[in-house]
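Chemist: For reference, the file run24.cif (mmCIF, C-alpha atoms) is included below:
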```
data_input
loop_
_atom_site.label_atom_id
_atom_site.label_comp_id
_atom_site.auth_asym_id
_atom_site.auth_seq_id
_atom_site.Cartn_x
_atom_site.Cartn_y
_atom_site.Cartn_z
CA MET A 1 0.00 0.00 0.00
CA LEU A 2 1.30 3.41 -0.98
CA ASP A 3 1.37 5.82 1.97
CA VAL A 4 1.28 9.48 0.98
CA ALA A 5 1.76 12.21 3.58
CA VAL A 6 0.45 15.62 2.56
CA VAL A 7 2.03 18.37 4.66
CA ARG A 8 -0.28 21.18 5.70
CA PHE A 9 1.22 24.56 6.43
CA PRO A 10 -0.82 27.55 7.55
CA GLY A 11 -1.90 28.85 4.15
CA SER A 12 -1.71 25.62 2.16
CA ASN A 13 -4.62 25.45 -0.26
CA SER A 14 -4.00 22.47 -2.52
CA ASP A 15 -3.77 20.06 0.40
CA PHE A 16 -7.19 18.48 -0.12
CA ASP A 17 -6.62 18.21 -3.88
CA ALA A 18 -3.35 16.36 -3.28
CA LEU A 19 -4.95 14.08 -0.69
CA ARG A 20 -7.81 13.22 -3.02
CA ALA A 21 -5.63 12.70 -6.08
CA ALA A 22 -3.47 10.23 -4.13
CA GLU A 23 -6.55 8.40 -2.85
CA ALA A 24 -7.82 8.18 -6.42
CA VAL A 25 -4.93 5.87 -7.33
CA GLY A 26 -5.50 3.69 -4.27
CA ALA A 27 -3.02 5.30 -1.91
CA ARG A 28 -3.59 5.70 1.80
CA SER A 29 -3.09 9.45 2.09
CA TYR A 30 -3.22 11.57 5.19
CA PHE A 31 -2.38 15.05 6.40
CA VAL A 32 0.71 15.87 8.42
CA TRP A 33 0.62 19.20 10.26
CA HIS A 34 3.56 21.56 9.92
CA ARG A 35 4.33 21.20 13.64
CA ASP A 36 4.45 17.41 13.42
CA THR A 37 7.81 15.69 13.39
CA ASP A 38 6.67 12.22 12.34
CA LEU A 39 5.74 11.38 8.74
CA ARG A 40 4.13 8.12 9.94
CA GLY A 41 5.87 5.77 7.57
CA ALA A 42 5.18 7.73 4.41
CA ASP A 43 6.58 6.49 1.12
CA VAL A 44 5.85 9.80 -0.55
CA VAL A 45 5.67 13.26 0.98
CA ILE A 46 3.80 15.98 -0.88
CA LEU A 47 4.38 19.65 -0.09
CA PRO A 48 1.22 21.11 -1.61
CA GLY A 49 0.49 24.42 -3.23
CA GLY A 50 -0.75 27.49 -1.44
CA PHE A 51 0.63 30.51 0.35
CA SER A 52 2.31 29.10 3.43
CA TYR A 53 2.72 31.74 6.12
CA GLY A 54 1.24 34.29 3.77
CA ASP A 55 4.37 34.20 1.60
CA HIS A 56 5.96 36.50 4.19
CA LEU A 57 9.53 37.54 3.44
CA ARG A 58 9.70 35.26 0.36
CA ALA A 59 7.47 32.44 -0.81
CA GLY A 60 8.48 29.34 1.15
CA ALA A 61 11.07 31.15 3.28
CA ILE A 62 9.26 30.70 6.61
CA ALA A 63 7.77 27.26 5.93
CA ARG A 64 11.29 25.96 5.55
CA PHE A 65 11.76 26.33 9.30
CA SER A 66 8.64 24.37 10.26
CA PRO A 67 9.36 21.39 12.54
CA VAL A 68 8.04 19.01 9.88
CA MET A 69 10.73 20.09 7.44
CA GLN A 70 13.43 18.34 9.47
CA ALA A 71 11.49 15.11 9.01
CA VAL A 72 11.13 15.87 5.30
CA GLN A 73 14.90 16.48 5.05
CA ARG A 74 15.56 13.09 6.70
CA HIS A 75 12.99 11.36 4.49
CA ALA A 76 14.67 12.82 1.39
CA ALA A 77 18.17 11.91 2.60
CA GLU A 78 17.04 8.30 3.11
CA GLY A 79 15.79 8.11 -0.47
CA GLY A 80 12.12 8.71 0.22
CA ALA A 81 10.13 10.44 -2.48
CA VAL A 82 9.25 14.12 -2.07
CA LEU A 83 7.08 16.14 -4.44
CA GLY A 84 6.80 19.90 -4.06
CA ILE A 85 3.99 21.46 -6.05
CA CYS A 86 3.98 25.22 -6.64
CA ASN A 87 4.44 26.64 -3.11
CA GLY A 88 5.92 23.23 -2.26
CA PHE A 89 8.53 23.76 -5.00
CA GLN A 90 9.31 27.19 -3.53
CA ILE A 91 9.73 25.60 -0.08
CA LEU A 92 12.05 22.87 -1.45
CA CYS A 93 14.27 25.58 -3.00
CA GLU A 94 14.31 27.64 0.19
CA ALA A 95 15.17 24.47 2.14
CA HIS A 96 18.06 23.75 -0.29
CA LEU A 97 16.59 20.37 -1.18
CA LEU A 98 16.53 21.72 -4.73
CA PRO A 99 18.85 24.37 -6.20
CA GLY A 100 17.77 27.81 -7.38
CA ALA A 101 14.83 30.02 -6.48
CA LEU A 102 11.40 31.05 -7.73
CA MET A 103 10.99 34.76 -8.33
CA ARG A 104 8.12 37.09 -9.17
CA ASN A 105 6.66 36.29 -12.59
CA ALA A 106 8.30 38.32 -15.34
CA GLY A 107 4.91 39.74 -16.34
CA LEU A 108 4.10 40.59 -12.70
CA HIS A 109 0.63 39.07 -13.11
CA PHE A 110 -0.59 36.15 -11.09
CA VAL A 111 -0.95 33.52 -13.81
CA SER A 112 -3.78 30.99 -13.48
CA LYS A 113 -4.43 28.94 -16.61
CA PRO A 114 -3.53 25.68 -18.31
CA VAL A 115 -0.05 25.45 -19.82
CA ASP A 116 1.65 22.81 -21.91
CA VAL A 117 4.79 21.14 -20.62
CA ILE A 118 7.09 18.44 -21.97
CA VAL A 119 8.21 15.54 -19.79
CA GLU A 120 12.01 15.28 -19.96
CA ARG A 121 12.60 12.64 -17.27
CA ASN A 122 10.53 9.56 -16.61
CA ASP A 123 12.90 7.87 -14.16
CA THR A 124 11.57 9.73 -11.13
CA PRO A 125 8.97 8.45 -8.63
CA PHE A 126 6.47 10.90 -10.14
CA THR A 127 6.89 10.65 -13.91
CA SER A 128 7.41 6.98 -14.77
CA ALA A 129 3.91 6.79 -16.26
CA PHE A 130 4.97 9.09 -19.11
CA GLU A 131 7.20 8.65 -22.11
CA VAL A 132 10.00 11.17 -22.39
CA GLY A 133 8.82 13.87 -24.75
CA THR A 134 5.16 13.54 -23.78
CA ARG A 135 3.32 16.83 -23.90
CA LEU A 136 1.04 17.41 -20.91
CA ARG A 137 -1.55 20.10 -20.29
CA LEU A 138 -1.59 21.13 -16.64
CA PRO A 139 -2.85 24.19 -14.77
CA VAL A 140 -0.51 26.74 -13.21
CA ALA A 141 -1.60 29.23 -10.56
CA HIS A 142 1.21 31.34 -9.19
CA GLY A 143 2.64 34.82 -8.83
CA ASP A 144 6.19 33.69 -8.06
CA GLY A 145 7.01 30.97 -10.54
CA ARG A 146 9.97 32.30 -12.46
CA TYR A 147 12.67 29.71 -11.89
CA LEU A 148 16.13 31.18 -11.58
CA ALA A 149 19.52 29.85 -10.59
CA ALA A 150 23.13 30.91 -10.98
CA ASP A 151 24.49 30.31 -14.50
CA ASP A 152 26.72 27.44 -13.37
CA THR A 153 23.76 25.83 -11.58
CA LEU A 154 21.64 26.09 -14.73
CA ARG A 155 24.46 24.54 -16.76
CA MET A 156 24.75 21.74 -14.20
CA LEU A 157 21.00 21.07 -14.29
CA GLU A 158 21.10 20.77 -18.07
CA ALA A 159 24.31 18.72 -18.11
CA GLU A 160 22.90 16.28 -15.57
CA GLY A 161 19.48 16.20 -17.22
CA ARG A 162 17.69 17.35 -14.08
CA VAL A 163 14.93 19.30 -15.81
CA VAL A 164 11.83 17.13 -15.32
CA LEU A 165 9.23 19.39 -16.94
CA ARG A 166 9.75 22.24 -19.38
CA TYR A 167 7.18 24.71 -20.66
CA VAL A 168 6.43 24.27 -24.34
CA ALA A 169 7.71 27.37 -26.06
CA GLU A 170 4.56 27.97 -28.09
CA THR A 171 1.94 27.39 -25.36
CA GLU A 172 -1.26 28.29 -27.12
CA GLY A 173 -2.81 31.58 -26.10
CA SER A 174 -0.02 32.51 -23.69
CA PRO A 175 0.63 36.24 -23.52
CA TRP A 176 4.00 35.53 -21.93
CA GLN A 177 5.89 33.83 -24.66
CA PRO A 178 7.68 31.56 -24.51
CA ASN A 179 6.56 30.47 -21.03
CA PRO A 180 4.03 31.75 -18.50
CA ASN A 181 6.40 33.35 -16.03
CA GLY A 182 9.77 34.00 -17.68
CA SER A 183 11.45 30.94 -16.15
CA ALA A 184 15.08 30.38 -17.05
CA ALA A 185 15.37 27.83 -19.87
CA HIS A 186 11.56 27.44 -19.74
CA ILE A 187 11.97 25.28 -16.63
CA ALA A 188 8.70 24.13 -15.05
CA GLY A 189 10.09 21.39 -12.81
CA ILE A 190 13.43 20.00 -11.65
CA MET A 191 14.76 17.16 -9.53
CA ASN A 192 17.63 16.65 -7.12
CA ALA A 193 20.73 14.69 -8.11
CA ALA A 194 19.30 11.38 -6.85
CA GLY A 195 15.95 12.00 -8.55
CA ASN A 196 13.82 11.31 -5.46
CA VAL A 197 13.01 14.99 -4.81
CA VAL A 198 11.02 16.78 -7.50
CA GLY A 199 9.59 20.29 -7.57
CA LEU A 200 7.16 21.63 -10.15
CA MET A 201 5.12 24.76 -10.63
CA PRO A 202 2.14 23.16 -12.47
CA HIS A 203 -0.58 21.44 -10.42
CA PRO A 204 -1.08 17.77 -11.40
CA GLU A 205 -3.40 17.28 -8.39
CA ARG A 206 -5.89 19.73 -9.92
CA ALA A 207 -5.89 17.95 -13.25
CA ASP A 208 -6.22 14.23 -12.67
CA ASP A 209 -9.75 13.48 -13.83
CA PRO A 210 -11.72 14.33 -16.98
CA VAL A 211 -14.44 15.81 -14.77
CA LEU A 212 -11.94 18.54 -13.83
CA GLY A 213 -11.39 19.39 -17.48
CA LEU A 214 -7.83 18.09 -17.52
CA ALA A 215 -6.60 14.61 -16.65
CA ASP A 216 -2.90 14.59 -17.57
CA GLY A 217 -1.94 15.02 -13.90
CA ARG A 218 -3.14 11.56 -12.94
CA GLY A 219 0.08 10.00 -14.26
CA PHE A 220 2.08 11.68 -11.47
CA PHE A 221 0.02 9.73 -8.94
CA THR A 222 -0.02 6.40 -10.77
CA SER A 223 3.77 6.82 -11.04
CA MET A 224 4.02 7.06 -7.24
CA ALA A 225 2.13 3.80 -6.85
CA ALA A 226 4.39 2.08 -9.39
CA TRP A 227 7.48 3.46 -7.68
CA GLN A 228 6.34 2.26 -4.28
CA ALA A 229 5.66 -1.22 -5.64
CA GLN A 230 9.25 -1.68 -6.81
CA PRO A 231 11.26 -3.93 -4.49
CA SER A 232 14.06 -1.38 -4.01
CA THR A 233 11.91 1.61 -3.15
CA GLY A 234 8.89 2.57 -1.09
CA LYS A 235 8.47 0.65 2.13
CA ALA A 236 10.95 -2.05 1.14
CA ARG A 237 13.55 0.69 1.37
CA THR A 238 13.30 0.98 5.15
CA ARG A 239 11.37 -2.03 6.41
CA MET B 1 24.95 46.92 24.18
CA THR B 2 22.02 47.11 21.81
CA TYR B 3 22.54 47.96 18.18
CA ARG B 4 20.00 49.05 15.65
CA VAL B 5 20.53 47.15 12.41
CA HIS B 6 19.09 48.33 9.12
CA VAL B 7 19.08 45.63 6.45
CA ARG B 8 18.56 46.58 2.83
CA VAL B 9 17.78 43.60 0.60
CA MET B 10 17.85 44.22 -3.14
CA PRO B 11 17.38 42.03 -6.20
CA ARG B 12 20.83 41.14 -7.45
CA ALA B 13 22.19 43.55 -10.03
CA GLY B 14 21.62 42.30 -13.54
CA LEU B 15 18.61 40.18 -12.64
CA LEU B 16 15.26 41.07 -14.11
CA ASP B 17 13.29 43.12 -11.57
CA PRO B 18 9.73 43.28 -12.94
CA GLN B 19 8.50 45.27 -9.92
CA GLY B 20 11.15 47.90 -10.54
CA GLN B 21 10.19 48.05 -14.21
CA ALA B 22 6.51 48.47 -13.34
CA VAL B 23 7.28 51.29 -10.88
CA GLU B 24 9.54 52.97 -13.42
CA HIS B 25 6.78 52.80 -16.01
CA ALA B 26 4.28 54.26 -13.53
CA LEU B 27 6.65 57.11 -12.71
CA SER B 28 7.07 57.83 -16.40
CA THR B 29 3.29 57.88 -16.85
CA LEU B 30 3.04 60.36 -13.98
CA GLY B 31 5.41 62.72 -15.77
CA PHE B 32 8.67 61.66 -14.12
CA ALA B 33 10.30 60.60 -17.35
CA GLU B 34 13.73 61.34 -15.85
CA ALA B 35 13.42 58.41 -13.42
CA ALA B 36 15.51 55.47 -14.56
CA GLY B 37 17.03 52.29 -13.16
CA VAL B 38 14.23 51.75 -10.64
CA ARG B 39 14.69 48.63 -8.49
CA VAL B 40 12.39 47.46 -5.73
CA GLY B 41 13.78 45.71 -2.67
CA ARG B 42 12.97 45.31 0.98
CA ALA B 43 14.07 47.04 4.18
CA ILE B 44 14.20 45.20 7.51
CA ASP B 45 15.03 46.91 10.80
CA LEU B 46 15.92 45.05 13.93
CA GLN B 47 17.68 45.43 17.25
CA VAL B 48 20.56 43.17 18.11
CA ALA B 49 22.00 42.77 21.59
CA ALA B 50 25.71 42.13 21.29
CA PRO B 51 28.90 42.94 23.23
CA THR B 52 30.47 44.88 20.36
CA ARG B 53 29.50 46.43 17.08
CA ALA B 54 31.54 43.80 15.22
CA ASP B 55 29.64 41.03 17.00
CA ALA B 56 26.34 42.65 16.11
CA GLU B 57 27.38 42.88 12.48
CA ALA B 58 28.60 39.28 12.38
CA ARG B 59 25.29 38.03 13.81
CA ALA B 60 23.28 40.22 11.46
CA ARG B 61 25.23 38.83 8.49
CA GLN B 62 24.39 35.30 9.59
CA MET B 63 20.72 36.29 9.80
CA CYS B 64 20.86 37.65 6.26
CA ASP B 65 22.68 34.62 4.88
CA LYS B 66 20.28 32.18 6.54
CA LEU B 67 16.93 33.91 6.22
CA LEU B 68 16.58 37.60 5.46
CA ALA B 69 18.04 37.44 1.94
CA ASN B 70 18.02 34.67 -0.63
CA PRO B 71 21.64 34.27 -1.73
CA VAL B 72 20.52 33.01 -5.14
CA THR B 73 18.67 36.16 -6.12
CA GLU B 74 19.36 38.95 -3.64
CA ASP B 75 22.16 41.07 -2.20
CA TYR B 76 22.00 42.88 1.10
CA LEU B 77 23.56 45.88 2.75
CA LEU B 78 23.87 46.40 6.50
CA GLN B 79 23.90 49.65 8.39
CA ILE B 80 24.51 49.46 12.12
CA GLU B 81 24.15 52.15 14.77
CA GLU B 82 24.15 52.19 18.56
CA SER B 83 20.67 52.52 19.94
#
```
Reformat the file's structure so that it appears as structure tokens.
Modeler:
Amino acid sequence: MLDVAVVRFPGSNSDFDALRAAEAVGARSYFVWHRDTDLRGADVVILPGGFSYGDHLRAGAIARFSPVMQAVQRHAAEGGAVLGICNGFQILCEAHLLPGALMRNAGLHFVSKPVDVIVERNDTPFTSAFEVGTRLRLPVAHGDGRYLAADDTLRMLEAEGRVVLRYVAETEGSPWQPNPNGSAAHIAGIMNAAGNVVGLMPHPERADDPVLGLADGRGFFTSMAAWQAQPSTGKARTR
Amino acid sequence: MTYRVHVRVMPRAGLLDPQGQAVEHALSTLGFAEAAGVRVGRAIDLQVAAPTRADAEARARQMCDKLLANPVTEDYLLQIEES
């Protein structure tokens, strides 16, 4: 059984979506409060979208110091899977679990709309359901989504193939060509060196069922289940 | 001794600062066409209890490096005075 812990910070707002999307693929998913220090045997930890701590100082800057983040750091160091979505991606960067930072959108507008992204890695716990090169349509909803890193970090990410999702340059109807927020190298999602920690700006948990209008996000959750079922990962990793 | 620390956090030079651009455009619209190079940052004031000014500055720098500024995207300046 896939156990998915969804961390709730004050100001999280995609927590229920993430919980439900994990349940929809048969996972046992549950909330973990930001003051908790126990992830209760989670295989996968999701840091959901939202505006933790009101985005005070910088998006994700305060959430990084929540007690639960020490447990998330340990979980990641032991090879557990961690997915940061939107604000969760910002938190992972602030916590140095992923390199770089997410800055104010180049167009200054809060952007909330579907965008097209290309899957560039399918050997992560979250993207194995896709072929490399698959084009997905997923919603974004953020004001601070412009990925930026030092030039040598960007070169390293490209050299090591650590871009997981990239905005399609010609996203239909986008006023912010060639991507919705001005991200460096059109980056929409990256992973850590080991591939078990992934951060993305688009929201797969809001797009996992045709009734929602978009269903491409479901693959991120079926991927988690497949990853957990492998003998070398998931619970077999620690138990 | 208590020191008053003024921290000035600015987007790193050379990085796109869309807020600064928007403010510059607004100034131009208001008739201040001579305004150029507008950048928008953040000011943080705090008091630091420390035995010496150098200690206060060293602690304040640690605060900036760990929390108040993001080393990837921002630079900071410190100004310290006895309070």
Chemist: Evaluate the PyMOL selection byres ((chain B and resi 54) around 12) here and jot the selected residues down as a ChimeraX atom specification.
Modeler: /B:1,3,5,48-53,55-61,78-82
Chemist: Calculate how many Å separate atom CA of A:Leu83 from atom CA of A:Phe130, rounding to one decimal.
Modeler: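 It comes out at 16.4 Å.
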Chemist: Please evaluate the PyMOL selection byres ((chain A) within 9 of (chain B)) against the structure above and give the resulting residues as a VMD selection string.
Modeler: chain A and resid 57 to 58 61 to 62 94 99 to 101 103 to 108 148 to 150
Chemist: Report the residues retrieved by the PyMOL selection byres ((chain A and resi 183-198) around 9) from the displayed file, expressed as a ChimeraX atom specification.
Modeler: /A:76,79-85,89,92,97-99,102-103,105-106,117,123-126,145-149,154,157,160,162-169,178-182,199-202
Chemist: Report the distance between atom CA of A:Asn87 and atom CA of A:Glu23 in Å, rounded to one decimal place.
Modeler: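 Rounded to one decimal, the two atoms are 21.3 Å apart.
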Chemist: How would you write as a PyMOL selection string the residues that get within 7 Å of (17.4, 50.0, 16.0) in the file's frame, counting all atoms listed in the file?
Modeler: chain B and resi 3-5+45-47+83
Chemist: Do you have the atom CA of A:Gly49-atom CA of A:Glu205 distance handy?
Modeler: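 Computing the Euclidean distance for atom CA of A:Gly49 and atom CA of A:Glu205 yields 9.6 Å.
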Chemist: Determine the nearest neighbour of A:Pro204 from the options A:Glu120, A:Asp43, A:Asp3, A:Asp216, counting all atoms listed in the file.
Modeler: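 Smallest distance to A:Pro204 is found for A:Asp216.
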Chemist: Quick one: everything within 9 Å of A:Ala21, counting all atoms listed in the file, minus sequence neighbours fewer than 2 positions away in the same chain. Send it as a ChimeraX atom specification.
Modeler: /A:16-19,23-25,27,204-209,217-218,221
Chemist: Just the residues within 7 Å of A:Asp15, please, counting only C-alpha atoms, with nothing from its chain fewer than 5 positions along; format it as a PyMOL selection string.
Modeler: chain A and resi 6+8+48
Chemist: If we count only C-alpha atoms, what is near A:Val7 at a cut-off of 9 Å, once residues fewer than 4 positions away on the same chain are taken out, given as a list in words?
Modeler: Ser12, Asp15, Tyr30, Phe31, Val32, Trp33, His34, Leu39, Val45, Ile46, Leu47, Pro48 and Val68 of chain A
Chemist: Counting only C-alpha atoms, what is within 7 Å of A:Asp116, bar same-chain residues fewer than 4 positions away, as number ranges by chain?
Modeler: A: 135-138, 167-168, 171
Chemist: Fewer than 5 positions away in the same chain doesn't count, so skip those; otherwise give me all residues within 12 Å of B:His25, counting all atoms listed in the file, as a ChimeraX atom specification.
Modeler: /B:18-20,30-39
